[in-house]
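Participant: Sharing data_29.cif, mmCIF, N, CA and C atoms:
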```
data_input
#
loop_
_atom_site.label_atom_id
_atom_site.label_comp_id
_atom_site.auth_asym_id
_atom_site.auth_seq_id
_atom_site.Cartn_x
_atom_site.Cartn_y
_atom_site.Cartn_z
N MET A 1 3.38 -70.18 -19.01
CA MET A 1 2.09 -70.49 -19.55
C MET A 1 1.01 -69.70 -18.82
N ALA A 2 1.24 -69.44 -17.57
CA ALA A 2 0.26 -68.70 -16.80
C ALA A 2 0.11 -67.27 -17.31
N GLU A 3 1.10 -66.80 -18.07
CA GLU A 3 1.07 -65.43 -18.59
C GLU A 3 0.50 -65.36 -20.00
N GLY A 4 -0.08 -66.43 -20.50
CA GLY A 4 -0.73 -66.41 -21.80
C GLY A 4 0.11 -66.88 -22.97
N VAL A 5 1.20 -67.54 -22.71
CA VAL A 5 2.02 -68.08 -23.80
C VAL A 5 1.22 -69.11 -24.57
N THR A 6 1.26 -69.01 -25.92
CA THR A 6 0.52 -69.98 -26.74
C THR A 6 1.44 -70.88 -27.55
N GLU A 7 2.68 -70.42 -27.79
CA GLU A 7 3.65 -71.23 -28.53
C GLU A 7 5.03 -71.07 -27.94
N ILE A 8 5.79 -72.15 -28.01
CA ILE A 8 7.20 -72.15 -27.63
C ILE A 8 7.97 -72.65 -28.84
N TRP A 9 8.98 -71.90 -29.26
CA TRP A 9 9.83 -72.31 -30.38
C TRP A 9 11.22 -72.57 -29.84
N LEU A 10 11.69 -73.80 -29.99
CA LEU A 10 13.07 -74.14 -29.65
C LEU A 10 13.90 -73.89 -30.90
N SER A 11 14.81 -72.95 -30.82
CA SER A 11 15.56 -72.56 -32.01
C SER A 11 17.01 -72.29 -31.67
N SER A 12 17.88 -72.71 -32.57
CA SER A 12 19.31 -72.44 -32.41
C SER A 12 19.99 -72.74 -33.75
N GLU A 13 21.28 -72.58 -33.80
CA GLU A 13 22.04 -72.93 -35.00
C GLU A 13 21.88 -74.41 -35.33
N ASP A 14 21.81 -75.25 -34.29
CA ASP A 14 21.57 -76.68 -34.47
C ASP A 14 20.91 -77.21 -33.20
N THR A 15 19.59 -77.21 -33.19
CA THR A 15 18.83 -77.61 -32.02
C THR A 15 19.17 -79.02 -31.57
N GLY A 16 19.50 -79.89 -32.51
CA GLY A 16 19.82 -81.28 -32.18
C GLY A 16 21.05 -81.43 -31.31
N ALA A 17 21.91 -80.42 -31.29
CA ALA A 17 23.13 -80.47 -30.48
C ALA A 17 22.87 -80.06 -29.03
N TYR A 18 21.63 -79.70 -28.72
CA TYR A 18 21.32 -79.25 -27.37
C TYR A 18 21.80 -80.27 -26.34
N GLY A 19 22.46 -79.76 -25.32
CA GLY A 19 22.83 -80.56 -24.16
C GLY A 19 24.11 -81.35 -24.27
N ILE A 20 24.70 -81.44 -25.45
CA ILE A 20 25.92 -82.23 -25.61
C ILE A 20 27.00 -81.76 -24.65
N ASP A 21 27.09 -80.47 -24.44
CA ASP A 21 28.12 -79.91 -23.56
C ASP A 21 27.74 -80.03 -22.08
N ARG A 22 26.52 -80.52 -21.80
CA ARG A 22 26.04 -80.57 -20.43
C ARG A 22 25.66 -81.98 -19.99
N GLY A 23 25.96 -82.96 -20.84
CA GLY A 23 25.60 -84.33 -20.50
C GLY A 23 24.11 -84.60 -20.63
N SER A 24 23.45 -83.85 -21.50
CA SER A 24 22.02 -84.02 -21.72
C SER A 24 21.79 -84.18 -23.22
N SER A 25 20.56 -84.00 -23.67
CA SER A 25 20.25 -84.16 -25.09
C SER A 25 18.95 -83.44 -25.42
N LEU A 26 18.72 -83.24 -26.71
CA LEU A 26 17.46 -82.66 -27.15
C LEU A 26 16.30 -83.57 -26.75
N SER A 27 16.47 -84.86 -26.88
CA SER A 27 15.38 -85.77 -26.54
C SER A 27 15.01 -85.66 -25.06
N GLU A 28 15.99 -85.48 -24.19
CA GLU A 28 15.70 -85.29 -22.76
C GLU A 28 14.97 -83.97 -22.53
N LEU A 29 15.41 -82.91 -23.19
CA LEU A 29 14.73 -81.61 -23.07
C LEU A 29 13.28 -81.72 -23.54
N LEU A 30 13.06 -82.37 -24.68
CA LEU A 30 11.71 -82.52 -25.21
C LEU A 30 10.83 -83.35 -24.28
N ARG A 31 11.39 -84.38 -23.71
CA ARG A 31 10.63 -85.20 -22.76
C ARG A 31 10.16 -84.36 -21.58
N ARG A 32 11.06 -83.55 -21.04
CA ARG A 32 10.72 -82.73 -19.88
C ARG A 32 9.72 -81.64 -20.25
N LEU A 33 9.90 -81.02 -21.40
CA LEU A 33 8.99 -79.95 -21.82
C LEU A 33 7.59 -80.48 -22.14
N THR A 34 7.52 -81.62 -22.80
CA THR A 34 6.20 -82.16 -23.12
C THR A 34 5.44 -82.56 -21.84
N GLN A 35 6.15 -82.98 -20.82
CA GLN A 35 5.50 -83.26 -19.54
C GLN A 35 4.87 -81.99 -18.98
N GLU A 36 5.60 -80.88 -19.10
CA GLU A 36 5.09 -79.60 -18.59
C GLU A 36 3.90 -79.10 -19.41
N LEU A 37 3.90 -79.38 -20.71
CA LEU A 37 2.83 -78.91 -21.60
C LEU A 37 1.57 -79.76 -21.54
N GLU A 38 1.69 -80.94 -20.98
CA GLU A 38 0.57 -81.89 -20.93
C GLU A 38 -0.69 -81.22 -20.39
N GLY A 39 -1.78 -81.36 -21.15
CA GLY A 39 -3.07 -80.82 -20.73
C GLY A 39 -3.27 -79.35 -20.99
N SER A 40 -2.29 -78.69 -21.59
CA SER A 40 -2.41 -77.25 -21.89
C SER A 40 -2.75 -77.07 -23.36
N ASP A 41 -2.98 -75.81 -23.76
CA ASP A 41 -3.21 -75.47 -25.16
C ASP A 41 -1.94 -74.93 -25.81
N VAL A 42 -0.83 -74.94 -25.10
CA VAL A 42 0.44 -74.41 -25.61
C VAL A 42 1.06 -75.41 -26.58
N MET A 43 1.50 -74.89 -27.73
CA MET A 43 2.15 -75.72 -28.75
C MET A 43 3.64 -75.41 -28.79
N MET A 44 4.44 -76.43 -29.11
CA MET A 44 5.89 -76.26 -29.20
C MET A 44 6.36 -76.66 -30.59
N ARG A 45 7.32 -75.88 -31.09
CA ARG A 45 7.94 -76.16 -32.40
C ARG A 45 9.42 -76.40 -32.18
N VAL A 46 9.94 -77.47 -32.77
CA VAL A 46 11.36 -77.80 -32.66
C VAL A 46 12.07 -77.25 -33.89
N GLY A 47 13.17 -76.53 -33.67
CA GLY A 47 13.90 -75.88 -34.75
C GLY A 47 14.83 -76.81 -35.51
N MET A 48 15.61 -76.22 -36.38
CA MET A 48 16.50 -76.94 -37.31
C MET A 48 17.52 -77.80 -36.56
N THR A 49 17.77 -78.96 -37.14
CA THR A 49 18.80 -79.84 -36.60
C THR A 49 19.47 -80.60 -37.74
N ASN A 50 20.74 -80.85 -37.60
CA ASN A 50 21.49 -81.59 -38.61
C ASN A 50 21.43 -83.09 -38.33
N PRO A 51 21.56 -83.91 -39.38
CA PRO A 51 21.43 -85.36 -39.23
C PRO A 51 22.33 -86.01 -38.16
N PRO A 52 23.60 -85.62 -38.01
CA PRO A 52 24.43 -86.36 -37.05
C PRO A 52 23.88 -86.37 -35.63
N TYR A 53 23.23 -85.29 -35.22
CA TYR A 53 22.72 -85.20 -33.86
C TYR A 53 21.38 -85.92 -33.70
N MET A 54 20.78 -86.30 -34.79
CA MET A 54 19.48 -86.95 -34.74
C MET A 54 19.58 -88.48 -34.67
N LEU A 55 20.63 -89.03 -35.24
CA LEU A 55 20.71 -90.48 -35.43
C LEU A 55 20.52 -91.28 -34.14
N ALA A 56 21.12 -90.85 -33.06
CA ALA A 56 21.03 -91.59 -31.80
C ALA A 56 19.74 -91.29 -31.04
N GLN A 57 18.94 -90.35 -31.54
CA GLN A 57 17.75 -89.90 -30.81
C GLN A 57 16.45 -90.09 -31.60
N LEU A 58 16.49 -90.81 -32.70
CA LEU A 58 15.34 -90.85 -33.60
C LEU A 58 14.04 -91.29 -32.92
N ASP A 59 14.08 -92.33 -32.14
CA ASP A 59 12.85 -92.81 -31.50
C ASP A 59 12.29 -91.77 -30.53
N ALA A 60 13.15 -91.16 -29.74
CA ALA A 60 12.69 -90.17 -28.76
C ALA A 60 12.20 -88.90 -29.45
N ILE A 61 12.87 -88.49 -30.51
CA ILE A 61 12.43 -87.30 -31.25
C ILE A 61 11.08 -87.58 -31.90
N ALA A 62 10.92 -88.76 -32.48
CA ALA A 62 9.64 -89.13 -33.09
C ALA A 62 8.52 -89.11 -32.04
N ALA A 63 8.80 -89.63 -30.87
CA ALA A 63 7.79 -89.62 -29.80
C ALA A 63 7.39 -88.19 -29.45
N ALA A 64 8.36 -87.31 -29.36
CA ALA A 64 8.05 -85.91 -29.05
C ALA A 64 7.22 -85.28 -30.16
N LEU A 65 7.57 -85.57 -31.42
CA LEU A 65 6.85 -84.97 -32.55
C LEU A 65 5.43 -85.53 -32.68
N ARG A 66 5.15 -86.64 -32.05
CA ARG A 66 3.79 -87.19 -32.03
C ARG A 66 2.96 -86.63 -30.87
N HIS A 67 3.60 -85.95 -29.95
CA HIS A 67 2.90 -85.42 -28.78
C HIS A 67 1.88 -84.37 -29.23
N PRO A 68 0.69 -84.34 -28.65
CA PRO A 68 -0.34 -83.41 -29.10
C PRO A 68 0.01 -81.93 -28.92
N ASN A 69 0.99 -81.62 -28.09
CA ASN A 69 1.40 -80.23 -27.89
C ASN A 69 2.63 -79.85 -28.70
N VAL A 70 3.05 -80.72 -29.61
CA VAL A 70 4.23 -80.45 -30.43
C VAL A 70 3.83 -80.48 -31.90
N PHE A 71 4.21 -79.43 -32.63
CA PHE A 71 3.96 -79.41 -34.06
C PHE A 71 4.73 -80.55 -34.71
N SER A 72 4.10 -81.29 -35.59
CA SER A 72 4.75 -82.40 -36.31
C SER A 72 5.52 -81.81 -37.49
N PHE A 73 6.55 -81.07 -37.17
CA PHE A 73 7.36 -80.35 -38.16
C PHE A 73 8.82 -80.44 -37.73
N LEU A 74 9.71 -80.64 -38.70
CA LEU A 74 11.13 -80.57 -38.41
C LEU A 74 11.88 -80.15 -39.66
N HIS A 75 12.88 -79.32 -39.47
CA HIS A 75 13.73 -78.84 -40.56
C HIS A 75 15.10 -79.51 -40.40
N VAL A 76 15.44 -80.37 -41.36
CA VAL A 76 16.72 -81.07 -41.37
C VAL A 76 17.37 -80.81 -42.73
N PRO A 77 18.42 -79.99 -42.79
CA PRO A 77 19.02 -79.66 -44.08
C PRO A 77 19.81 -80.82 -44.68
N VAL A 78 19.57 -81.09 -45.97
CA VAL A 78 20.35 -82.11 -46.67
C VAL A 78 21.53 -81.45 -47.38
N GLN A 79 21.35 -80.25 -47.89
CA GLN A 79 22.34 -79.46 -48.64
C GLN A 79 22.66 -80.08 -49.99
N SER A 80 22.94 -81.39 -50.02
CA SER A 80 23.23 -82.08 -51.27
C SER A 80 22.91 -83.56 -51.09
N GLY A 81 22.52 -84.20 -52.19
CA GLY A 81 22.28 -85.64 -52.15
C GLY A 81 23.47 -86.43 -52.67
N ALA A 82 24.62 -85.77 -52.77
CA ALA A 82 25.83 -86.42 -53.28
C ALA A 82 26.92 -86.37 -52.20
N ASP A 83 27.40 -87.52 -51.80
CA ASP A 83 28.43 -87.57 -50.75
C ASP A 83 29.68 -86.76 -51.07
N PRO A 84 30.18 -86.77 -52.32
CA PRO A 84 31.37 -85.95 -52.59
C PRO A 84 31.13 -84.46 -52.34
N VAL A 85 29.95 -83.98 -52.63
CA VAL A 85 29.63 -82.57 -52.39
C VAL A 85 29.49 -82.32 -50.89
N LEU A 86 28.83 -83.23 -50.18
CA LEU A 86 28.71 -83.08 -48.73
C LEU A 86 30.09 -83.04 -48.08
N THR A 87 31.01 -83.87 -48.55
CA THR A 87 32.38 -83.85 -48.03
C THR A 87 33.05 -82.52 -48.33
N ALA A 88 32.90 -82.02 -49.55
CA ALA A 88 33.50 -80.73 -49.92
C ALA A 88 32.90 -79.58 -49.09
N MET A 89 31.66 -79.73 -48.68
CA MET A 89 30.98 -78.73 -47.84
C MET A 89 31.36 -78.86 -46.36
N ASN A 90 32.17 -79.87 -46.05
CA ASN A 90 32.54 -80.17 -44.66
C ASN A 90 31.33 -80.54 -43.80
N ARG A 91 30.35 -81.18 -44.40
CA ARG A 91 29.19 -81.67 -43.65
C ARG A 91 29.61 -82.95 -42.92
N GLU A 92 29.02 -83.16 -41.79
CA GLU A 92 29.40 -84.30 -40.95
C GLU A 92 28.42 -85.45 -41.09
N TYR A 93 27.83 -85.60 -42.28
CA TYR A 93 26.88 -86.68 -42.52
C TYR A 93 26.92 -87.06 -43.99
N THR A 94 26.34 -88.22 -44.26
CA THR A 94 26.26 -88.72 -45.63
C THR A 94 24.81 -88.67 -46.11
N ARG A 95 24.66 -88.89 -47.39
CA ARG A 95 23.32 -88.98 -47.97
C ARG A 95 22.52 -90.07 -47.26
N ALA A 96 23.15 -91.22 -47.03
CA ALA A 96 22.48 -92.34 -46.37
C ALA A 96 22.02 -91.97 -44.96
N GLU A 97 22.83 -91.24 -44.23
CA GLU A 97 22.44 -90.83 -42.87
C GLU A 97 21.27 -89.86 -42.91
N PHE A 98 21.29 -88.91 -43.86
CA PHE A 98 20.15 -88.01 -44.01
C PHE A 98 18.88 -88.81 -44.31
N LEU A 99 18.98 -89.75 -45.25
CA LEU A 99 17.82 -90.55 -45.62
C LEU A 99 17.32 -91.39 -44.44
N GLN A 100 18.23 -91.89 -43.62
CA GLN A 100 17.84 -92.65 -42.44
C GLN A 100 17.01 -91.77 -41.50
N VAL A 101 17.46 -90.54 -41.28
CA VAL A 101 16.71 -89.61 -40.43
C VAL A 101 15.35 -89.32 -41.04
N ALA A 102 15.34 -88.93 -42.30
CA ALA A 102 14.09 -88.56 -42.97
C ALA A 102 13.11 -89.74 -43.00
N ASP A 103 13.58 -90.88 -43.47
CA ASP A 103 12.70 -92.04 -43.60
C ASP A 103 12.15 -92.49 -42.24
N SER A 104 13.01 -92.51 -41.24
CA SER A 104 12.58 -92.95 -39.90
C SER A 104 11.50 -92.04 -39.33
N LEU A 105 11.74 -90.73 -39.42
CA LEU A 105 10.78 -89.78 -38.85
C LEU A 105 9.48 -89.74 -39.64
N LEU A 106 9.58 -89.77 -40.95
CA LEU A 106 8.36 -89.74 -41.77
C LEU A 106 7.51 -90.99 -41.56
N GLU A 107 8.15 -92.10 -41.29
CA GLU A 107 7.41 -93.33 -41.01
C GLU A 107 6.79 -93.30 -39.61
N ALA A 108 7.53 -92.75 -38.66
CA ALA A 108 7.11 -92.79 -37.25
C ALA A 108 6.13 -91.69 -36.87
N VAL A 109 6.08 -90.61 -37.65
CA VAL A 109 5.24 -89.46 -37.29
C VAL A 109 4.24 -89.20 -38.43
N PRO A 110 3.04 -89.71 -38.30
CA PRO A 110 2.04 -89.52 -39.35
C PRO A 110 1.79 -88.04 -39.64
N ASP A 111 1.66 -87.71 -40.90
CA ASP A 111 1.36 -86.34 -41.35
C ASP A 111 2.45 -85.32 -41.00
N MET A 112 3.65 -85.80 -40.73
CA MET A 112 4.75 -84.89 -40.40
C MET A 112 5.12 -84.02 -41.60
N ILE A 113 5.46 -82.77 -41.32
CA ILE A 113 6.02 -81.87 -42.33
C ILE A 113 7.53 -81.88 -42.13
N PHE A 114 8.24 -82.28 -43.16
CA PHE A 114 9.70 -82.41 -43.10
C PHE A 114 10.28 -81.41 -44.09
N ALA A 115 10.95 -80.40 -43.58
CA ALA A 115 11.54 -79.36 -44.43
C ALA A 115 13.04 -79.57 -44.56
N THR A 116 13.60 -79.14 -45.69
CA THR A 116 15.04 -79.27 -45.90
C THR A 116 15.55 -78.11 -46.74
N ASP A 117 16.85 -78.03 -46.89
CA ASP A 117 17.52 -77.05 -47.74
C ASP A 117 18.39 -77.80 -48.73
N ILE A 118 18.47 -77.27 -49.94
CA ILE A 118 19.36 -77.82 -50.96
C ILE A 118 20.19 -76.69 -51.53
N ILE A 119 21.49 -76.90 -51.64
CA ILE A 119 22.39 -75.93 -52.25
C ILE A 119 22.76 -76.46 -53.64
N CYS A 120 22.41 -75.72 -54.67
CA CYS A 120 22.73 -76.11 -56.05
C CYS A 120 23.89 -75.28 -56.57
N GLY A 121 24.71 -75.89 -57.40
CA GLY A 121 25.82 -75.16 -58.00
C GLY A 121 27.01 -74.98 -57.08
N PHE A 122 27.13 -75.84 -56.07
CA PHE A 122 28.30 -75.75 -55.19
C PHE A 122 29.55 -76.00 -56.02
N PRO A 123 30.63 -75.26 -55.76
CA PRO A 123 31.86 -75.44 -56.54
C PRO A 123 32.29 -76.91 -56.59
N GLY A 124 32.50 -77.41 -57.79
CA GLY A 124 32.91 -78.79 -57.99
C GLY A 124 31.75 -79.75 -58.16
N GLU A 125 30.52 -79.28 -57.98
CA GLU A 125 29.36 -80.16 -58.15
C GLU A 125 29.25 -80.57 -59.62
N THR A 126 29.15 -81.86 -59.86
CA THR A 126 29.01 -82.36 -61.23
C THR A 126 27.53 -82.48 -61.60
N ASP A 127 27.29 -82.72 -62.88
CA ASP A 127 25.92 -82.95 -63.30
C ASP A 127 25.33 -84.17 -62.59
N GLN A 128 26.14 -85.21 -62.39
CA GLN A 128 25.66 -86.40 -61.68
C GLN A 128 25.35 -86.08 -60.22
N ASP A 129 26.20 -85.27 -59.57
CA ASP A 129 25.92 -84.85 -58.19
C ASP A 129 24.58 -84.13 -58.12
N PHE A 130 24.34 -83.26 -59.09
CA PHE A 130 23.09 -82.52 -59.15
C PHE A 130 21.92 -83.49 -59.30
N GLU A 131 22.06 -84.45 -60.20
CA GLU A 131 20.99 -85.43 -60.43
C GLU A 131 20.78 -86.30 -59.20
N ASP A 132 21.85 -86.64 -58.49
CA ASP A 132 21.72 -87.45 -57.27
C ASP A 132 20.94 -86.69 -56.19
N THR A 133 21.09 -85.39 -56.19
CA THR A 133 20.37 -84.56 -55.24
C THR A 133 18.91 -84.49 -55.60
#
```
Kindly transcribe the structure held in the file into structure tokens.

Facilitator:
Amino acid sequence: MAEGVTEIWLSSEDTGAYGIDRGSSLSELLRRLTQELEGSDVMMRVGMTNPPYMLAQLDAIAAALRHPNVFSFLHVPVQSGADPVLTAMNREYTRAEFLQVADSLLEAVPDMIFATDIICGFPGETDQDFEDT
């Protein structure tokens, strides 16, 4: 920050998985980083994360996203709103788990921007699967 940094972007293939291999977590990283950013003009953006890694951390992630130095933005891909399609895609979450993440964060973080991805026309997707999405 002393060198003029104005933004920090935490980005990876799945930011929510941070620390699993080290006995830590994204919520712990965010807690430590927001302490360091306190009182500065530096903003932090949290990158994409999948629902399974968010479920156990929702309260802590929401707290971080409410911090004045953290953009109230998160990208959580749904891919499909139909469980059979999610299973065929080898996703490790259900529609209900995605909705739990989305609903919890949108309720806990006022004015949050919640981005997602949807894949249409996945092999085997039915018209009902499409409508469910």

Participant: For the file shown, what are the residues hit by the PyMOL selection byres ((chain A and resi 26) around 8), laid out as a list of chain:residue names?

Facilitator: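 Residues picked by the PyMOL selection byres ((chain A and resi 26) around 8): A:Thr15, A:Gly16, A:Ala17, A:Tyr18, A:Gly19, A:Ile20, A:Ser24, A:Ser25, A:Ser27, A:Glu28, A:Leu29, A:Leu30, A:Arg31, A:Arg32, A:Tyr53, A:Gln57, A:Ala60, A:Ile61.
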
Participant: Based on the selection just made, write N, CA and C atoms of those residues as a PDB file, in the frame of the given file.

Facilitator:
```
ATOM      1  N   THR A  15      19.590 -77.210 -33.190  1.00  0.00           N
ATOM      2  CA  THR A  15      18.830 -77.610 -32.020  1.00  0.00           C
ATOM      3  C   THR A  15      19.170 -79.020 -31.570  1.00  0.00           C
ATOM      4  N   GLY A  16      19.500 -79.890 -32.510  1.00  0.00           N
ATOM      5  CA  GLY A  16      19.820 -81.280 -32.180  1.00  0.00           C
ATOM      6  C   GLY A  16      21.050 -81.430 -31.310  1.00  0.00           C
ATOM      7  N   ALA A  17      21.910 -80.420 -31.290  1.00  0.00           N
ATOM      8  CA  ALA A  17      23.130 -80.470 -30.480  1.00  0.00           C
ATOM      9  C   ALA A  17      22.870 -80.060 -29.030  1.00  0.00           C
ATOM     10  N   TYR A  18      21.630 -79.700 -28.720  1.00  0.00           N
ATOM     11  CA  TYR A  18      21.320 -79.250 -27.370  1.00  0.00           C
ATOM     12  C   TYR A  18      21.800 -80.270 -26.340  1.00  0.00           C
ATOM     13  N   GLY A  19      22.460 -79.760 -25.320  1.00  0.00           N
ATOM     14  CA  GLY A  19      22.830 -80.560 -24.160  1.00  0.00           C
ATOM     15  C   GLY A  19      24.110 -81.350 -24.270  1.00  0.00           C
ATOM     16  N   ILE A  20      24.700 -81.440 -25.450  1.00  0.00           N
ATOM     17  CA  ILE A  20      25.920 -82.230 -25.610  1.00  0.00           C
ATOM     18  C   ILE A  20      27.000 -81.760 -24.650  1.00  0.00           C
ATOM     19  N   SER A  24      23.450 -83.850 -21.500  1.00  0.00           N
ATOM     20  CA  SER A  24      22.020 -84.020 -21.720  1.00  0.00           C
ATOM     21  C   SER A  24      21.790 -84.180 -23.220  1.00  0.00           C
ATOM     22  N   SER A  25      20.560 -84.000 -23.670  1.00  0.00           N
ATOM     23  CA  SER A  25      20.250 -84.160 -25.090  1.00  0.00           C
ATOM     24  C   SER A  25      18.950 -83.440 -25.420  1.00  0.00           C
ATOM     25  N   SER A  27      16.470 -84.860 -26.880  1.00  0.00           N
ATOM     26  CA  SER A  27      15.380 -85.770 -26.540  1.00  0.00           C
ATOM     27  C   SER A  27      15.010 -85.660 -25.060  1.00  0.00           C
ATOM     28  N   GLU A  28      15.990 -85.480 -24.190  1.00  0.00           N
ATOM     29  CA  GLU A  28      15.700 -85.290 -22.760  1.00  0.00           C
ATOM     30  C   GLU A  28      14.970 -83.970 -22.530  1.00  0.00           C
ATOM     31  N   LEU A  29      15.410 -82.910 -23.190  1.00  0.00           N
ATOM     32  CA  LEU A  29      14.730 -81.610 -23.070  1.00  0.00           C
ATOM     33  C   LEU A  29      13.280 -81.720 -23.540  1.00  0.00           C
ATOM     34  N   LEU A  30      13.060 -82.370 -24.680  1.00  0.00           N
ATOM     35  CA  LEU A  30      11.710 -82.520 -25.210  1.00  0.00           C
ATOM     36  C   LEU A  30      10.830 -83.350 -24.280  1.00  0.00           C
ATOM     37  N   ARG A  31      11.390 -84.380 -23.710  1.00  0.00           N
ATOM     38  CA  ARG A  31      10.630 -85.200 -22.760  1.00  0.00           C
ATOM     39  C   ARG A  31      10.160 -84.360 -21.580  1.00  0.00           C
ATOM     40  N   ARG A  32      11.060 -83.550 -21.040  1.00  0.00           N
ATOM     41  CA  ARG A  32      10.720 -82.730 -19.880  1.00  0.00           C
ATOM     42  C   ARG A  32       9.720 -81.640 -20.250  1.00  0.00           C
ATOM     43  N   TYR A  53      23.230 -85.290 -35.220  1.00  0.00           N
ATOM     44  CA  TYR A  53      22.720 -85.200 -33.860  1.00  0.00           C
ATOM     45  C   TYR A  53      21.380 -85.920 -33.700  1.00  0.00           C
ATOM     46  N   GLN A  57      18.940 -90.350 -31.540  1.00  0.00           N
ATOM     47  CA  GLN A  57      17.750 -89.900 -30.810  1.00  0.00           C
ATOM     48  C   GLN A  57      16.450 -90.090 -31.600  1.00  0.00           C
ATOM     49  N   ALA A  60      13.150 -91.160 -29.740  1.00  0.00           N
ATOM     50  CA  ALA A  60      12.690 -90.170 -28.760  1.00  0.00           C
ATOM     51  C   ALA A  60      12.200 -88.900 -29.450  1.00  0.00           C
ATOM     52  N   ILE A  61      12.870 -88.490 -30.510  1.00  0.00           N
ATOM     53  CA  ILE A  61      12.430 -87.300 -31.250  1.00  0.00           C
ATOM     54  C   ILE A  61      11.080 -87.580 -31.900  1.00  0.00           C
TER      55      ILE A  61
END
```

Participant: A:Ala63, A:Val76, A:Leu55, A:Met44: which is nearest A:Ala115, counting all atoms listed in the file?

Facilitator: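 Smallest separation from A:Ala115 among the options: A:Val76.
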
Participant: Suppose you want the space between atom N of A:Gly121 and atom C of A:Met89; what is it in Å?

Facilitator: 13.2 Å

Participant: Calculate how many Å separate atom CA of A:Asp132 from atom C of A:Asp59, rounding to one decimal.

Facilitator: 28.7 Å

Participant: Quick one: pull the distance between atom CA of A:Ala82 and atom CA of A:Gln128, Å, one decimal.

Facilitator: 8.4 Å

Participant: Apply the PyMOL selection byres (((chain A and resi 86 and name CA) around 12) and name CA) to the displayed file and report the matching residues as number ranges by chain.

Facilitator: A: 77-85, 87-98, 118-120, 122-125, 129-130, 132-133

Participant: Please run DSSP on the backbone and report, as a list in words, all residues within chain A that come out as strand (DSSP E or B).

Facilitator: Glu7, Ile8, Trp9, Leu10, Met43, Met44, Arg45, Val46, Val70, Phe73, Leu74, His75, Gln79, Ile113, Phe114, Ala115 and Ile118 of chain A

Participant: If we count only N, CA and C atoms and set the cut-off at 6.5 Å, which residues sit around stretch 107-110 of chain A, ignoring sequence neighbours fewer than 4 positions away in its own chain? Please answer as a tab-separated table (two decimals) with N, CA and C atoms, keeping the file's coordinate frame.

Facilitator:
```tsv
chain	number	residue	atom	x	y	z
A	62	ALA	N	10.92	-88.76	-32.48
A	62	ALA	CA	9.64	-89.13	-33.09
A	62	ALA	C	8.52	-89.11	-32.04
A	65	LEU	N	7.57	-85.57	-31.42
A	65	LEU	CA	6.85	-84.97	-32.55
A	65	LEU	C	5.43	-85.53	-32.68
A	66	ARG	N	5.15	-86.64	-32.05
A	66	ARG	CA	3.79	-87.19	-32.03
A	66	ARG	C	2.96	-86.63	-30.87
A	102	ALA	N	15.34	-88.93	-42.30
A	102	ALA	CA	14.09	-88.56	-42.97
A	102	ALA	C	13.11	-89.74	-43.00
A	103	ASP	N	13.58	-90.88	-43.47
A	103	ASP	CA	12.70	-92.04	-43.60
A	103	ASP	C	12.15	-92.49	-42.24
```

Participant: If you run DSSP on the backbone here, which positions in stretch 2-122 of chain A get alpha helix (DSSP H)? Please write them as number ranges by chain.

Facilitator: A: 26-37, 51-54, 58-66, 83-88, 95-108

Participant: Let me make sure I understand: among A:Thr49, A:Ser40, A:Ser12, A:Thr34, which one has the smallest atom-to-atom distance to A:His67 if we use only C-alpha atoms?

Facilitator: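 Closest to A:His67, using only C-alpha atoms: A:Thr34.
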
Participant: Which polymer residues, protein or nucleic acid, are no farther than 6 Å from (14.0, -74.1, -33.4), counting all atoms listed in the file, as a PDB file with N, CA and C atoms, keeping the file's coordinate frame?

Facilitator:
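Result written to out09.pdb:
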```pdb
ATOM      1  N   TRP A   9       8.980 -71.900 -29.260  1.00  0.00           N
ATOM      2  CA  TRP A   9       9.830 -72.310 -30.380  1.00  0.00           C
ATOM      3  C   TRP A   9      11.220 -72.570 -29.840  1.00  0.00           C
ATOM      4  N   LEU A  10      11.690 -73.800 -29.990  1.00  0.00           N
ATOM      5  CA  LEU A  10      13.070 -74.140 -29.650  1.00  0.00           C
ATOM      6  C   LEU A  10      13.900 -73.890 -30.900  1.00  0.00           C
ATOM      7  N   SER A  11      14.810 -72.950 -30.820  1.00  0.00           N
ATOM      8  CA  SER A  11      15.560 -72.560 -32.010  1.00  0.00           C
ATOM      9  C   SER A  11      17.010 -72.290 -31.670  1.00  0.00           C
ATOM     10  N   SER A  12      17.880 -72.710 -32.570  1.00  0.00           N
ATOM     11  CA  SER A  12      19.310 -72.440 -32.410  1.00  0.00           C
ATOM     12  C   SER A  12      19.990 -72.740 -33.750  1.00  0.00           C
ATOM     13  N   ARG A  45       7.320 -75.880 -31.090  1.00  0.00           N
ATOM     14  CA  ARG A  45       7.940 -76.160 -32.400  1.00  0.00           C
ATOM     15  C   ARG A  45       9.420 -76.400 -32.180  1.00  0.00           C
ATOM     16  N   VAL A  46       9.940 -77.470 -32.770  1.00  0.00           N
ATOM     17  CA  VAL A  46      11.360 -77.800 -32.660  1.00  0.00           C
ATOM     18  C   VAL A  46      12.070 -77.250 -33.890  1.00  0.00           C
ATOM     19  N   GLY A  47      13.170 -76.530 -33.670  1.00  0.00           N
ATOM     20  CA  GLY A  47      13.900 -75.880 -34.750  1.00  0.00           C
ATOM     21  C   GLY A  47      14.830 -76.810 -35.510  1.00  0.00           C
ATOM     22  N   MET A  48      15.610 -76.220 -36.380  1.00  0.00           N
ATOM     23  CA  MET A  48      16.500 -76.940 -37.310  1.00  0.00           C
ATOM     24  C   MET A  48      17.520 -77.800 -36.560  1.00  0.00           C
TER      25      MET A  48
END
```
